[in-house]
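Let me begin by presenting the structure, written as structure tokens, before commenting on it.
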Amino acid sequence: MPAAKKKTTTANASPERRRELLNTAAEVFAAHGYNATTVRRIADEAGMLAGSLYYHFDSKESMLDEILSSFLTELWDGYDAVLASGLGPRETIEALVTESFREIDRHRAAVAIYQKESRHLTVLPRFGYLTDSQRKFEKAWLGTLERGVADGVFRADLDIRLTYRFVRDTVWVAASWYRPGGQHSPEEIARQYLSMVLDGVAARR
């Protein structure tokens, strides 16, 4: 059967070549949007015929699925390690923000795609894990902020949900301008962001 043959050739494709093609596809999806991107466009950017791309992937949906699932798997490996480390609330926030910027450094295009496309993709059964990840993400951040208020580390009048949305959007929007190998490392950018979020920008008197 053709489907079985396609699955076999995909499984036998070079892992290195697959990664190269996924990186190319991620950049195209991030720049032009998922719906506007064709397999031919990805193939052109990769310097190959559109038909040859099917040797590695059965559809552009499969490519997007692998891009996003790989990014989220790595993100949660880092987040889960932070959440299991027993840090205090402030230190947990600092570690989560730092881990987020490291992921932007490693998967900038995937983060940009997630920001732009996840709301539309969640209606597709194949991408149901995006909703699960978002709920888990929200629970981790809100729980840490609530713990910080309860422990007296954060202000008692803090609006937890508003703070969560502010920090989330402030961090992840960096994918729109950040470029790996720039003047500042992910850790340095995280330190600057954390200084502004946790300590403010006004001069201390």
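Naming works like this for the structure tokens: A, B, ... for the chains as they're shown, residue 1 at the start of each chain, ligands 1 onward in shown order.
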For range 145-205 of chain A against range 76-88 of chain A, with a cut-off of 9 Å and counting only C-alpha atoms, what is the closest atom pair and its distance in Å to one decimal for every residue that makes the cut, ordered by chain and number, as a Markdown table?
| residue | atom | partner | partner_atom | distance |
| --- | --- | --- | --- | --- |
| A:Arg147 | CA | A:Gly88 | CA | 8.7 |
| A:Gly148 | CA | A:Gly88 | CA | 7.9 |
| A:Val153 | CA | A:Gly88 | CA | 8.9 |
*asked:* I'd like the neighbourhood of range 155-165 of chain A as a list in words, where a residue qualifies if any of its atoms comes within 7 Å (using only C-alpha atoms), though same-chain residues fewer than 4 positions away should be ignored.
replied: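 Result of the neighbour search: Trp141, Leu142, Leu145, Glu146, Val149 and Asp169 of chain A.
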(message) List as a ChimeraX atom specification the protein and nucleic acid residues near Pro180 in chain A, meaning an atom at most 12 Å away when only C-alpha atoms are counted, but skip any in the same chain fewer than 5 places from it.
(response) /A:101-109,174-175,185-186,189
Residues of the last selection are to be written out with N, CA and C atoms, as a JSON list (two decimals), in the first residue's frame.
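File written: out37.json
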[["chain", "number", "residue", "atom", "x", "y", "z"],
["A", 101, "PHE", "N", 13.85, 31.55, 28.23],
["A", 101, "PHE", "CA", 14.73, 32.21, 27.28],
["A", 101, "PHE", "C", 15.71, 31.23, 26.64],
["A", 102, "ARG", "N", 16.10, 30.21, 27.36],
["A", 102, "ARG", "CA", 16.94, 29.18, 26.75],
["A", 102, "ARG", "C", 16.19, 28.46, 25.64],
["A", 103, "GLU", "N", 14.90, 28.22, 25.86],
["A", 103, "GLU", "CA", 14.09, 27.57, 24.83],
["A", 103, "GLU", "C", 13.89, 28.48, 23.63],
["A", 104, "ILE", "N", 13.73, 29.77, 23.87],
["A", 104, "ILE", "CA", 13.64, 30.72, 22.75],
["A", 104, "ILE", "C", 14.93, 30.69, 21.95],
["A", 105, "ASP", "N", 16.05, 30.58, 22.64],
["A", 105, "ASP", "CA", 17.35, 30.51, 21.96],
["A", 105, "ASP", "C", 17.44, 29.25, 21.11],
["A", 106, "ARG", "N", 16.95, 28.13, 21.63],
["A", 106, "ARG", "CA", 17.06, 26.85, 20.93],
["A", 106, "ARG", "C", 15.97, 26.65, 19.89],
["A", 107, "HIS", "N", 14.79, 27.21, 20.13],
["A", 107, "HIS", "CA", 13.63, 26.94, 19.26],
["A", 107, "HIS", "C", 12.88, 28.23, 18.95],
["A", 108, "ARG", "N", 13.60, 29.28, 18.54],
["A", 108, "ARG", "CA", 12.96, 30.57, 18.32],
["A", 108, "ARG", "C", 11.79, 30.48, 17.34],
["A", 109, "ALA", "N", 11.99, 29.81, 16.21],
["A", 109, "ALA", "CA", 10.93, 29.73, 15.21],
["A", 109, "ALA", "C", 9.73, 28.94, 15.73],
["A", 174, "ALA", "N", 9.47, 37.78, 23.07],
["A", 174, "ALA", "CA", 10.87, 37.98, 22.68],
["A", 174, "ALA", "C", 11.24, 37.15, 21.46],
["A", 175, "ALA", "N", 10.49, 36.09, 21.19],
["A", 175, "ALA", "CA", 10.78, 35.27, 20.01],
["A", 175, "ALA", "C", 10.64, 36.07, 18.72],
["A", 185, "SER", "N", 23.41, 36.76, 25.85],
["A", 185, "SER", "CA", 23.04, 35.35, 25.98],
["A", 185, "SER", "C", 21.62, 35.25, 26.54],
["A", 186, "PRO", "N", 20.97, 34.09, 26.40],
["A", 186, "PRO", "CA", 19.64, 33.92, 26.98],
["A", 186, "PRO", "C", 19.63, 34.19, 28.48],
["A", 189, "ILE", "N", 19.73, 38.01, 29.13],
["A", 189, "ILE", "CA", 18.43, 38.62, 28.85],
["A", 189, "ILE", "C", 17.45, 38.28, 29.97]]
With range 111-117 of chain A as the partner and 12 Å as the cut-off, tabulate the residues of range 127-169 of chain A that qualify, each row holding the nearest pair of atoms and their distance in Å to one decimal, using only C-alpha atoms, sorted by chain and rising number, as CSV.
residue,atom,partner,partner_atom,distance
A:Phe127,CA,A:Glu117,CA,10.8
A:Leu130,CA,A:Tyr114,CA,8.7
A:Thr131,CA,A:Tyr114,CA,11.4
A:Ser133,CA,A:Tyr114,CA,11.3
A:Gln134,CA,A:Tyr114,CA,10.7
A:Arg168,CA,A:Gln115,CA,11.0
A:Asp169,CA,A:Gln115,CA,9.5
- Please give the complete set of residues from range 7-166 of chain A that DSSP, run on the backbone, assigns to alpha helix (DSSP H), formatted as an NGL selection string. :A and (7-12 or 15-32 or 39-46 or 50-53 or 60-83 or 89-106 or 108-121 or 128-150 or 160-166)
For this session: Counting only C-alpha atoms, figure out which residue out of A:Leu53, A:Gly182, A:Glu61, A:Asp199 gets nearest to Pro125 in chain A.
Result: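 Checking each candidate against Pro125 in chain A, we get A:Glu61 as the closest.
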- Item | 12 Å contact set for Asn35 in chain A, only C-alpha atoms, chain neighbours under 4 positions out, as number ranges by chain | A: 28-31, 39, 41, 60-61, 64, 113, 116-117, 120-121
Can you write just those residues out, N, CA, C and O atoms, as a PDB file, in the first residue's frame?
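That gives us again-v3.pdb:
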ATOM      1  N   VAL A  28      10.062  28.927   7.795  1.00  0.00           N
ATOM      2  CA  VAL A  28       9.056  29.319   6.802  1.00  0.00           C
ATOM      3  C   VAL A  28       7.693  29.484   7.457  1.00  0.00           C
ATOM      4  O   VAL A  28       6.973  30.467   7.208  1.00  0.00           O
ATOM      5  N   PHE A  29       7.310  28.534   8.309  1.00  0.00           N
ATOM      6  CA  PHE A  29       6.036  28.647   9.023  1.00  0.00           C
ATOM      7  C   PHE A  29       6.001  29.924   9.865  1.00  0.00           C
ATOM      8  O   PHE A  29       4.989  30.623   9.917  1.00  0.00           O
ATOM      9  N   ALA A  30       7.096  30.207  10.560  1.00  0.00           N
ATOM     10  CA  ALA A  30       7.147  31.385  11.435  1.00  0.00           C
ATOM     11  C   ALA A  30       7.044  32.676  10.630  1.00  0.00           C
ATOM     12  O   ALA A  30       6.404  33.639  11.073  1.00  0.00           O
ATOM     13  N   ALA A  31       7.654  32.698   9.461  1.00  0.00           N
ATOM     14  CA  ALA A  31       7.673  33.924   8.654  1.00  0.00           C
ATOM     15  C   ALA A  31       6.380  34.151   7.885  1.00  0.00           C
ATOM     16  O   ALA A  31       5.929  35.295   7.744  1.00  0.00           O
ATOM     17  N   VAL A  39       3.976  22.983   0.779  1.00  0.00           N
ATOM     18  CA  VAL A  39       5.091  22.047   0.769  1.00  0.00           C
ATOM     19  C   VAL A  39       6.129  22.493  -0.259  1.00  0.00           C
ATOM     20  O   VAL A  39       7.337  22.395  -0.028  1.00  0.00           O
ATOM     21  N   ARG A  41       6.869  25.505  -1.106  1.00  0.00           N
ATOM     22  CA  ARG A  41       7.656  26.627  -0.582  1.00  0.00           C
ATOM     23  C   ARG A  41       8.751  26.124   0.369  1.00  0.00           C
ATOM     24  O   ARG A  41       9.875  26.614   0.343  1.00  0.00           O
ATOM     25  N   LYS A  60       2.755  18.583   5.415  1.00  0.00           N
ATOM     26  CA  LYS A  60       3.260  19.744   6.166  1.00  0.00           C
ATOM     27  C   LYS A  60       2.709  19.718   7.591  1.00  0.00           C
ATOM     28  O   LYS A  60       3.335  20.241   8.515  1.00  0.00           O
ATOM     29  N   GLU A  61       1.541  19.088   7.775  1.00  0.00           N
ATOM     30  CA  GLU A  61       0.996  18.953   9.129  1.00  0.00           C
ATOM     31  C   GLU A  61       1.909  18.098   9.999  1.00  0.00           C
ATOM     32  O   GLU A  61       2.127  18.401  11.175  1.00  0.00           O
ATOM     33  N   LEU A  64       4.820  20.262  11.060  1.00  0.00           N
ATOM     34  CA  LEU A  64       4.461  21.192  12.126  1.00  0.00           C
ATOM     35  C   LEU A  64       4.294  20.465  13.449  1.00  0.00           C
ATOM     36  O   LEU A  64       4.731  20.957  14.499  1.00  0.00           O
ATOM     37  N   ILE A 113       5.876  30.202  16.061  1.00  0.00           N
ATOM     38  CA  ILE A 113       4.744  29.461  15.499  1.00  0.00           C
ATOM     39  C   ILE A 113       3.701  29.196  16.583  1.00  0.00           C
ATOM     40  O   ILE A 113       2.501  29.380  16.375  1.00  0.00           O
ATOM     41  N   LYS A 116       1.658  32.255  17.324  1.00  0.00           N
ATOM     42  CA  LYS A 116       0.742  32.691  16.268  1.00  0.00           C
ATOM     43  C   LYS A 116      -0.351  31.671  15.937  1.00  0.00           C
ATOM     44  O   LYS A 116      -1.462  32.050  15.573  1.00  0.00           O
ATOM     45  N   GLU A 117      -0.029  30.406  16.031  1.00  0.00           N
ATOM     46  CA  GLU A 117      -0.891  29.378  15.459  1.00  0.00           C
ATOM     47  C   GLU A 117      -1.645  28.503  16.456  1.00  0.00           C
ATOM     48  O   GLU A 117      -2.599  27.824  16.080  1.00  0.00           O
ATOM     49  N   HIS A 120      -5.525  28.379  16.691  1.00  0.00           N
ATOM     50  CA  HIS A 120      -6.226  27.774  15.559  1.00  0.00           C
ATOM     51  C   HIS A 120      -5.974  26.273  15.480  1.00  0.00           C
ATOM     52  O   HIS A 120      -6.839  25.513  15.050  1.00  0.00           O
ATOM     53  N   LEU A 121      -4.799  25.863  15.902  1.00  0.00           N
ATOM     54  CA  LEU A 121      -4.448  24.449  15.795  1.00  0.00           C
ATOM     55  C   LEU A 121      -5.148  23.574  16.828  1.00  0.00           C
ATOM     56  O   LEU A 121      -5.348  22.382  16.596  1.00  0.00           O
TER      57      LEU A 121
END
What does the distance from CA of Leu75 in chain A to CA of Trp177 in chain A come to in Å, to one decimal?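 Value for the CA of Leu75 in chain A-CA of Trp177 in chain A distance: 19.6 Å.
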